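Following: one structure in structure tokens, then a few remarks.
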Amino acid sequence: MRSVSKVARRVGIKDVAQEAGVSLTTVSHALNDSLNGRVNAETRERIKEIARRMNYHPNRLARGLRTNSSGMIGLLTEEIATTPHAGRIILGAQEAASRHNLTLAIINSALQADADERRNDVLALLDRHVDGIIYATVYHDTVTPPEELGSVPAVLIGATDRTGRVSSVVPDERQGAADAVRHLIAAGHRRIAFLPSLVDVPATRGRLLGYEDAIREAGLEVDPALQSPGEPEARGGYAATIDLLDRGGDPTAIFAYNDRMAMGVYRALAERRRRIPQDVSVIGFDDQAPIAGSLFPGLTTVALPHYEMGAWAVETLTTLLNDDGAHAESVRMPCRTVERESIAAPRKPRARATSSRA
């Protein structure tokens, strides 16, 4: 005899409303966190708990047909999905999307892609009927987004829009660099060298300004002899440090443009028999895994707010989706200092020996 399995009936919003003893409208407002004040906090939490207990999930297809919304947002990246920073941006975006019951669709675009390729990537997301798009760049820069990005609400991560039409979030490079130098000053350093990048991007300019801000704030002079630019890679940090020492810079601390340059600083100081942090303290920027935590001693550095930027982008996008009157805004996200073992107080100069005659 053939047995027939009974398919479990999907729990609907009517079931939740019946269990909670409220109207369908009240359940809808509570589950969607409507900000119109119609449902008080206690009732909202009770309805959410009932929905969780009944294993209720909204029917996206039905809701999409009613609201012309897919419940999906796109994340377009410039090879950022293959960089060490990507995981935190994606995690921040995914967790924020989950809080809003949204699905995240990711397309990884080639860093050297031309305008037509970027346009096709945007069109590929639009073909999937995304409600909005987040465009993340691998470098902090100023860009002109593809024109097709204007078809839906959009947010930029790591870049600002030249036209000012698209909301954006970038790391506050200037604040992060100033805090890095303040950290060295608080440890007692006064001869603090900076190794800027030779690549002219907003991050380069912001970190130089932050360095100068903190130096002047401490009542010190910005000394060109304590600056040695280089390529933003380990070999650049090595060459810049050797140049700095050969010119007699003699710093007690070095602030490297990024963690990759700091790797080169470590090698150059080791070759010159300078110990870290006993002879020279070192601080980097980016908190790039696995560099900062794998160096010995561990590198004190400044973390870029990747998770926070990913979450902010989704939160801002949901505001744009729900509020036709929302305006584009550009935000600088604070960067925090991550302390490890590469900073110590500067060594005191040895006292000169004196001789006395009998």
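Each chain in the structure tokens gets a letter, A, B and so on, in the order shown; residues start at 1 in every chain, and ligands are counted from 1 in the order they appear.
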Near-Phe285 of chain A list (10 Å; only C-alpha atoms; drop same-chain fewer than 4 positions) as a compact mmCIF listing (two decimals) with all heavy atoms, in the first residue's frame:
```
# COMPACT_ATOMS: atom_id res chain seq x y z
N GLU A 173 40.70 58.72 7.20
CA GLU A 173 42.15 58.51 7.18
C GLU A 173 42.88 59.54 8.05
O GLU A 173 43.84 59.20 8.75
CB GLU A 173 42.67 58.61 5.74
CG GLU A 173 41.87 57.86 4.70
CD GLU A 173 42.24 56.39 4.61
OE1 GLU A 173 43.10 55.94 5.38
OE2 GLU A 173 41.65 55.70 3.75
N GLY A 176 42.39 58.73 11.75
CA GLY A 176 43.12 57.52 12.10
C GLY A 176 44.61 57.76 12.21
O GLY A 176 45.27 57.27 13.14
N ALA A 177 45.17 58.54 11.26
CA ALA A 177 46.60 58.83 11.29
C ALA A 177 46.96 59.72 12.47
O ALA A 177 47.99 59.51 13.14
CB ALA A 177 47.01 59.51 9.98
N ALA A 180 47.13 57.65 15.52
CA ALA A 180 48.34 56.82 15.53
C ALA A 180 49.52 57.61 16.07
O ALA A 180 50.28 57.12 16.93
CB ALA A 180 48.64 56.32 14.11
N ARG A 207 46.30 60.69 5.41
CA ARG A 207 47.21 60.20 6.46
C ARG A 207 48.36 61.18 6.71
O ARG A 207 48.81 61.33 7.84
CB ARG A 207 47.73 58.80 6.08
CG ARG A 207 46.61 57.78 6.09
CD ARG A 207 47.04 56.38 5.65
NE ARG A 207 45.84 55.57 5.36
CZ ARG A 207 45.86 54.29 5.05
NH1 ARG A 207 47.02 53.63 4.97
NH2 ARG A 207 44.73 53.64 4.80
N PHE A 255 56.07 55.91 11.79
CA PHE A 255 54.68 55.67 11.40
C PHE A 255 54.68 55.34 9.92
O PHE A 255 55.03 56.17 9.08
CB PHE A 255 53.84 56.92 11.70
CG PHE A 255 52.43 56.88 11.15
CD1 PHE A 255 51.72 55.70 11.05
CD2 PHE A 255 51.82 58.06 10.74
CE1 PHE A 255 50.42 55.68 10.54
CE2 PHE A 255 50.53 58.06 10.24
CZ PHE A 255 49.83 56.86 10.14
N ALA A 256 54.33 54.09 9.59
CA ALA A 256 54.32 53.65 8.20
C ALA A 256 52.94 53.86 7.60
O ALA A 256 51.92 53.64 8.27
CB ALA A 256 54.71 52.17 8.11
N TYR A 257 52.89 54.24 6.32
CA TYR A 257 51.64 54.49 5.62
C TYR A 257 50.67 53.32 5.72
O TYR A 257 49.48 53.50 5.88
CB TYR A 257 51.93 54.82 4.16
CG TYR A 257 50.71 54.85 3.28
CD1 TYR A 257 49.84 55.94 3.29
CD2 TYR A 257 50.42 53.77 2.44
CE1 TYR A 257 48.72 55.96 2.49
CE2 TYR A 257 49.30 53.78 1.62
CZ TYR A 257 48.45 54.88 1.65
OH TYR A 257 47.33 54.88 0.85
N ASN A 258 51.18 52.10 5.61
CA ASN A 258 50.33 50.93 5.77
C ASN A 258 51.14 49.76 6.36
O ASN A 258 52.36 49.87 6.54
CB ASN A 258 49.64 50.53 4.46
CG ASN A 258 50.62 50.12 3.36
OD1 ASN A 258 51.78 49.81 3.62
ND2 ASN A 258 50.15 50.12 2.12
N ASP A 259 50.47 48.67 6.65
CA ASP A 259 51.13 47.53 7.29
C ASP A 259 52.14 46.87 6.37
O ASP A 259 53.13 46.30 6.83
CB ASP A 259 50.08 46.50 7.73
CG ASP A 259 49.15 47.03 8.80
OD1 ASP A 259 49.47 48.08 9.39
OD2 ASP A 259 48.10 46.40 9.05
N ARG A 260 51.91 46.92 5.05
CA ARG A 260 52.87 46.32 4.13
C ARG A 260 54.19 47.09 4.17
O ARG A 260 55.27 46.48 4.16
CB ARG A 260 52.29 46.29 2.71
CG ARG A 260 51.03 45.43 2.60
CD ARG A 260 50.64 45.17 1.16
NE ARG A 260 50.38 46.38 0.40
CZ ARG A 260 49.24 47.06 0.44
NH1 ARG A 260 48.25 46.66 1.23
NH2 ARG A 260 49.07 48.15 -0.29
N MET A 261 54.12 48.41 4.22
CA MET A 261 55.34 49.20 4.37
C MET A 261 56.00 48.91 5.71
O MET A 261 57.24 48.87 5.80
CB MET A 261 55.04 50.69 4.23
CG MET A 261 54.69 51.14 2.82
SD MET A 261 54.55 52.94 2.64
CE MET A 261 56.28 53.42 2.58
N ALA A 262 55.20 48.70 6.74
CA ALA A 262 55.75 48.40 8.06
C ALA A 262 56.57 47.12 8.04
O ALA A 262 57.56 46.99 8.78
CB ALA A 262 54.63 48.30 9.09
N ALA A 292 49.73 42.24 10.42
CA ALA A 292 49.94 42.94 11.69
C ALA A 292 50.12 42.00 12.87
O ALA A 292 50.99 42.21 13.73
CB ALA A 292 48.77 43.89 11.95
N LEU A 299 52.50 44.09 15.45
CA LEU A 299 52.48 45.48 15.00
C LEU A 299 51.26 46.23 15.51
O LEU A 299 50.12 45.86 15.23
CB LEU A 299 52.48 45.51 13.46
CG LEU A 299 52.37 46.89 12.80
CD1 LEU A 299 53.61 47.73 13.09
CD2 LEU A 299 52.16 46.75 11.29
N THR A 300 51.50 47.30 16.25
CA THR A 300 50.42 48.22 16.59
C THR A 300 50.04 48.97 15.31
O THR A 300 50.91 49.41 14.56
CB THR A 300 50.87 49.22 17.68
OG1 THR A 300 51.13 48.50 18.89
CG2 THR A 300 49.78 50.26 17.94
N THR A 301 48.76 49.09 15.06
CA THR A 301 48.32 49.65 13.78
C THR A 301 46.95 50.29 13.93
O THR A 301 46.36 50.28 15.02
CB THR A 301 48.30 48.54 12.70
OG1 THR A 301 47.99 49.10 11.43
CG2 THR A 301 47.29 47.46 13.03
N VAL A 302 46.45 50.84 12.85
CA VAL A 302 45.13 51.48 12.82
C VAL A 302 44.22 50.63 11.94
O VAL A 302 44.57 50.33 10.80
CB VAL A 302 45.21 52.92 12.29
CG1 VAL A 302 43.82 53.55 12.21
CG2 VAL A 302 46.13 53.76 13.16
N ALA A 303 43.07 50.24 12.48
CA ALA A 303 42.15 49.37 11.74
C ALA A 303 41.19 50.20 10.90
O ALA A 303 40.59 51.16 11.38
CB ALA A 303 41.36 48.50 12.71
N LEU A 304 41.07 49.82 9.63
CA LEU A 304 40.04 50.41 8.79
C LEU A 304 38.68 49.83 9.18
O LEU A 304 38.58 48.63 9.45
CB LEU A 304 40.33 50.12 7.32
CG LEU A 304 41.53 50.86 6.73
CD1 LEU A 304 41.92 50.27 5.40
CD2 LEU A 304 41.25 52.35 6.60
N CYS A 335 38.42 55.49 12.46
CA CYS A 335 39.33 54.34 12.48
C CYS A 335 39.90 54.20 13.90
O CYS A 335 40.25 55.21 14.52
CB CYS A 335 40.48 54.55 11.50
SG CYS A 335 39.97 54.90 9.80
N ARG A 336 40.02 52.98 14.38
CA ARG A 336 40.50 52.78 15.76
C ARG A 336 41.92 52.21 15.76
O ARG A 336 42.33 51.48 14.86
CB ARG A 336 39.58 51.84 16.53
CG ARG A 336 39.50 50.44 15.99
CD ARG A 336 38.51 49.57 16.75
NE ARG A 336 38.44 48.24 16.17
CZ ARG A 336 39.24 47.24 16.51
NH1 ARG A 336 40.16 47.44 17.46
NH2 ARG A 336 39.15 46.06 15.95
N THR A 337 42.67 52.56 16.79
CA THR A 337 44.03 52.05 16.96
C THR A 337 43.98 50.68 17.61
O THR A 337 43.27 50.48 18.60
CB THR A 337 44.87 53.01 17.82
OG1 THR A 337 44.87 54.30 17.20
CG2 THR A 337 46.29 52.51 17.97
N VAL A 338 44.73 49.72 17.06
CA VAL A 338 44.80 48.36 17.60
C VAL A 338 46.19 48.19 18.22
O VAL A 338 47.20 48.19 17.51
CB VAL A 338 44.58 47.30 16.50
CG1 VAL A 338 44.67 45.90 17.08
CG2 VAL A 338 43.22 47.52 15.83
```
message = Could you pull out the strand (DSSP E or B) residues of segment 159-273 of chain A, going by DSSP on the backbone, and write them as a list in words?
response = Ala159, Thr160, Asp161, Ser167, Ser168, Val169, Val170, Pro171, Ile192, Ala193, Phe194, Leu195, Ser197, Gln227, Gly230, Ala253, Ile254, Phe255 and Ala256 of chain A
ask   = Which residues in segment 48-294 of chain A does DSSP call helix (DSSP H, G or I)? List them as number ranges by chain.
value = A: 48-53, 60-67, 80-82, 86-99, 115-127, 147-151, 173-186, 202-217, 224-226, 234-246, 259-271, 291-294
Which residues of segment 240-296 of chain A have any atom within 10 Å of an atom in segment 190-195 of chain A when counting only C-alpha atoms, and what is the closest pair of atoms for each, with the distance in Å to one decimal? Order the rows by chain and rising number and write it as JSON lines.
```
{"residue": "A:Ala240", "atom": "CA", "partner": "A:Leu195", "partner_atom": "CA", "distance": 6.7}
{"residue": "A:Thr241", "atom": "CA", "partner": "A:Leu195", "partner_atom": "CA", "distance": 7.7}
{"residue": "A:Leu244", "atom": "CA", "partner": "A:Ala193", "partner_atom": "CA", "distance": 8.4}
{"residue": "A:Gly249", "atom": "CA", "partner": "A:Ala193", "partner_atom": "CA", "distance": 7.9}
{"residue": "A:Asp250", "atom": "CA", "partner": "A:Arg191", "partner_atom": "CA", "distance": 7.8}
{"residue": "A:Pro251", "atom": "CA", "partner": "A:Arg191", "partner_atom": "CA", "distance": 5.0}
{"residue": "A:Thr252", "atom": "CA", "partner": "A:Arg191", "partner_atom": "CA", "distance": 5.6}
{"residue": "A:Ala253", "atom": "CA", "partner": "A:Ile192", "partner_atom": "CA", "distance": 4.8}
{"residue": "A:Ile254", "atom": "CA", "partner": "A:Ala193", "partner_atom": "CA", "distance": 4.7}
{"residue": "A:Phe255", "atom": "CA", "partner": "A:Phe194", "partner_atom": "CA", "distance": 4.8}
{"residue": "A:Ala256", "atom": "CA", "partner": "A:Leu195", "partner_atom": "CA", "distance": 4.9}
{"residue": "A:Tyr257", "atom": "CA", "partner": "A:Leu195", "partner_atom": "CA", "distance": 5.7}
{"residue": "A:Asn258", "atom": "CA", "partner": "A:Leu195", "partner_atom": "CA", "distance": 8.8}
{"residue": "A:Met261", "atom": "CA", "partner": "A:Leu195", "partner_atom": "CA", "distance": 8.0}
{"residue": "A:Ala262", "atom": "CA", "partner": "A:Leu195", "partner_atom": "CA", "distance": 9.0}
{"residue": "A:Val265", "atom": "CA", "partner": "A:Leu195", "partner_atom": "CA", "distance": 9.4}
{"residue": "A:Val280", "atom": "CA", "partner": "A:Ile192", "partner_atom": "CA", "distance": 9.6}
{"residue": "A:Ser281", "atom": "CA", "partner": "A:Ile192", "partner_atom": "CA", "distance": 9.1}
{"residue": "A:Val282", "atom": "CA", "partner": "A:Ile192", "partner_atom": "CA", "distance": 9.5}
{"residue": "A:Ile283", "atom": "CA", "partner": "A:Phe194", "partner_atom": "CA", "distance": 9.8}
{"residue": "A:Gly284", "atom": "CA", "partner": "A:Leu195", "partner_atom": "CA", "distance": 9.8}
```
ask   = Which residues come within 10 Å of Ala178 of chain A, counting only C-alpha atoms, excluding same-chain residues fewer than 4 positions away, as a list in words?
value = Glu173, Arg174, Arg182, His183, Gly206, Arg207, Leu208, Leu209, Gly210, Tyr211, Glu212, Asp213, Ala214, Ile215 and Glu217 of chain A
Write the selection just made, keeping N, CA, C and O atoms, as an mmCIF file, in the first residue's frame?
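Output file part27.cif follows:
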```cif
data_model
loop_
_atom_site.group_PDB
_atom_site.id
_atom_site.type_symbol
_atom_site.label_atom_id
_atom_site.label_comp_id
_atom_site.auth_asym_id
_atom_site.auth_seq_id
_atom_site.Cartn_x
_atom_site.Cartn_y
_atom_site.Cartn_z
ATOM 1 N N GLU A 173 40.697 58.720 7.199
ATOM 2 C CA GLU A 173 42.148 58.506 7.183
ATOM 3 C C GLU A 173 42.876 59.536 8.046
ATOM 4 O O GLU A 173 43.837 59.205 8.750
ATOM 5 N N ARG A 174 42.416 60.766 7.986
ATOM 6 C CA ARG A 174 43.089 61.841 8.728
ATOM 7 C C ARG A 174 42.988 61.610 10.230
ATOM 8 O O ARG A 174 43.980 61.716 10.953
ATOM 9 N N ARG A 182 49.365 60.363 17.882
ATOM 10 C CA ARG A 182 49.090 60.697 19.294
ATOM 11 C C ARG A 182 49.479 59.534 20.207
ATOM 12 O O ARG A 182 49.927 59.739 21.337
ATOM 13 N N HIS A 183 49.280 58.312 19.721
ATOM 14 C CA HIS A 183 49.645 57.123 20.490
ATOM 15 C C HIS A 183 51.152 57.106 20.740
ATOM 16 O O HIS A 183 51.618 56.786 21.849
ATOM 17 N N GLY A 206 45.178 62.115 3.238
ATOM 18 C CA GLY A 206 44.550 62.151 4.556
ATOM 19 C C GLY A 206 45.501 61.731 5.658
ATOM 20 O O GLY A 206 45.530 62.341 6.738
ATOM 21 N N ARG A 207 46.299 60.687 5.413
ATOM 22 C CA ARG A 207 47.212 60.201 6.456
ATOM 23 C C ARG A 207 48.358 61.178 6.705
ATOM 24 O O ARG A 207 48.812 61.335 7.842
ATOM 25 N N LEU A 208 48.799 61.866 5.643
ATOM 26 C CA LEU A 208 49.830 62.893 5.830
ATOM 27 C C LEU A 208 49.281 64.049 6.654
ATOM 28 O O LEU A 208 49.942 64.536 7.582
ATOM 29 N N LEU A 209 48.062 64.479 6.353
ATOM 30 C CA LEU A 209 47.451 65.573 7.112
ATOM 31 C C LEU A 209 47.255 65.187 8.569
ATOM 32 O O LEU A 209 47.480 66.000 9.478
ATOM 33 N N GLY A 210 46.841 63.944 8.811
ATOM 34 C CA GLY A 210 46.661 63.486 10.187
ATOM 35 C C GLY A 210 47.965 63.464 10.954
ATOM 36 O O GLY A 210 48.018 63.846 12.137
ATOM 37 N N TYR A 211 49.036 63.025 10.295
ATOM 38 C CA TYR A 211 50.376 63.036 10.914
ATOM 39 C C TYR A 211 50.758 64.459 11.308
ATOM 40 O O TYR A 211 51.178 64.725 12.443
ATOM 41 N N GLU A 212 50.584 65.395 10.379
ATOM 42 C CA GLU A 212 50.954 66.789 10.645
ATOM 43 C C GLU A 212 50.065 67.392 11.729
ATOM 44 O O GLU A 212 50.545 68.174 12.561
ATOM 45 N N ASP A 213 48.775 67.044 11.730
ATOM 46 C CA ASP A 213 47.861 67.548 12.765
ATOM 47 C C ASP A 213 48.377 67.203 14.158
ATOM 48 O O ASP A 213 48.441 68.054 15.056
ATOM 49 N N ALA A 214 48.705 65.932 14.365
ATOM 50 C CA ALA A 214 49.113 65.467 15.696
ATOM 51 C C ALA A 214 50.469 66.043 16.094
ATOM 52 O O ALA A 214 50.694 66.361 17.278
ATOM 53 N N ILE A 215 51.384 66.178 15.127
ATOM 54 C CA ILE A 215 52.703 66.751 15.420
ATOM 55 C C ILE A 215 52.548 68.188 15.908
ATOM 56 O O ILE A 215 53.105 68.593 16.939
ATOM 57 N N GLU A 217 49.797 69.614 17.034
ATOM 58 C CA GLU A 217 48.982 69.621 18.246
ATOM 59 C C GLU A 217 49.852 69.433 19.487
ATOM 60 O O GLU A 217 49.562 69.975 20.562
#
```
message = Give me, as a VMD selection string, all polymer residues having an atom no more than 8 Å from Gly298 of chain A, counting only C-alpha atoms and skipping those fewer than 6 positions away in the same chain.
response = chain A and resid 292 340 to 342
Go through segment 81-157 of chain A residue by residue and, counting only C-alpha atoms, keep those with an atom at most 9 Å from segment 308-318 of chain A; for each kept residue give the shortest atom pair and its distance in Å to one decimal, ordered by chain and increasing number, as CSV.
```
residue,atom,partner,partner_atom,distance
A:Arg88,CA,A:Gly310,CA,7.6
A:Ile89,CA,A:Gly310,CA,4.5
A:Ile90,CA,A:Gly310,CA,6.3
A:Leu91,CA,A:Gly310,CA,7.3
A:Gly92,CA,A:Ala311,CA,4.4
A:Ala93,CA,A:Gly310,CA,4.4
A:Gln94,CA,A:Ala311,CA,7.7
A:Glu95,CA,A:Ala311,CA,7.2
A:Ala96,CA,A:Ala311,CA,5.3
A:Ala97,CA,A:Val314,CA,6.2
A:His100,CA,A:Thr318,CA,7.9
A:Gly132,CA,A:Leu317,CA,6.9
A:Ile133,CA,A:Leu317,CA,7.9
A:Ile134,CA,A:Ala313,CA,6.9
A:Ala136,CA,A:Gly310,CA,8.9
A:Pro153,CA,A:Leu317,CA,6.7
A:Ala154,CA,A:Leu317,CA,6.5
A:Val155,CA,A:Ala313,CA,6.0
A:Leu156,CA,A:Ala313,CA,7.3
A:Ile157,CA,A:Met309,CA,6.6
```
request  = Write out as a list in words each polymer residue whose atoms come within 9 Å of Gln278 of chain A, counting only C-alpha atoms; drop sequence neighbours fewer than 3 positions from it.
outcome  = Arg274, Arg275, Ser281, Ser342, Ile343, Ala344, Ala345, Pro346 and Arg347 of chain A
task = Kindly give the distance, in Å, that separates atom CA of Leu76 of chain A and atom CA of Thr137 of chain A, rounded to a single decimal.
result =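 Answer for the atom CA of Leu76 of chain A to atom CA of Thr137 of chain A separation: 8.6 Å.
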ask   = Using only C-alpha atoms, which of A:Gly230, A:Ala124, A:Asp287, A:Tyr238 sits nearest Thr204 of chain A?
value =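 Using only C-alpha atoms, Thr204 of chain A sits closest to A:Gly230.
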note = Counting only C-alpha atoms, the residue among A:Val170, A:Ala218, A:Leu245, A:Ala159 that lies closest to Ile185 of chain A is A:Ala218
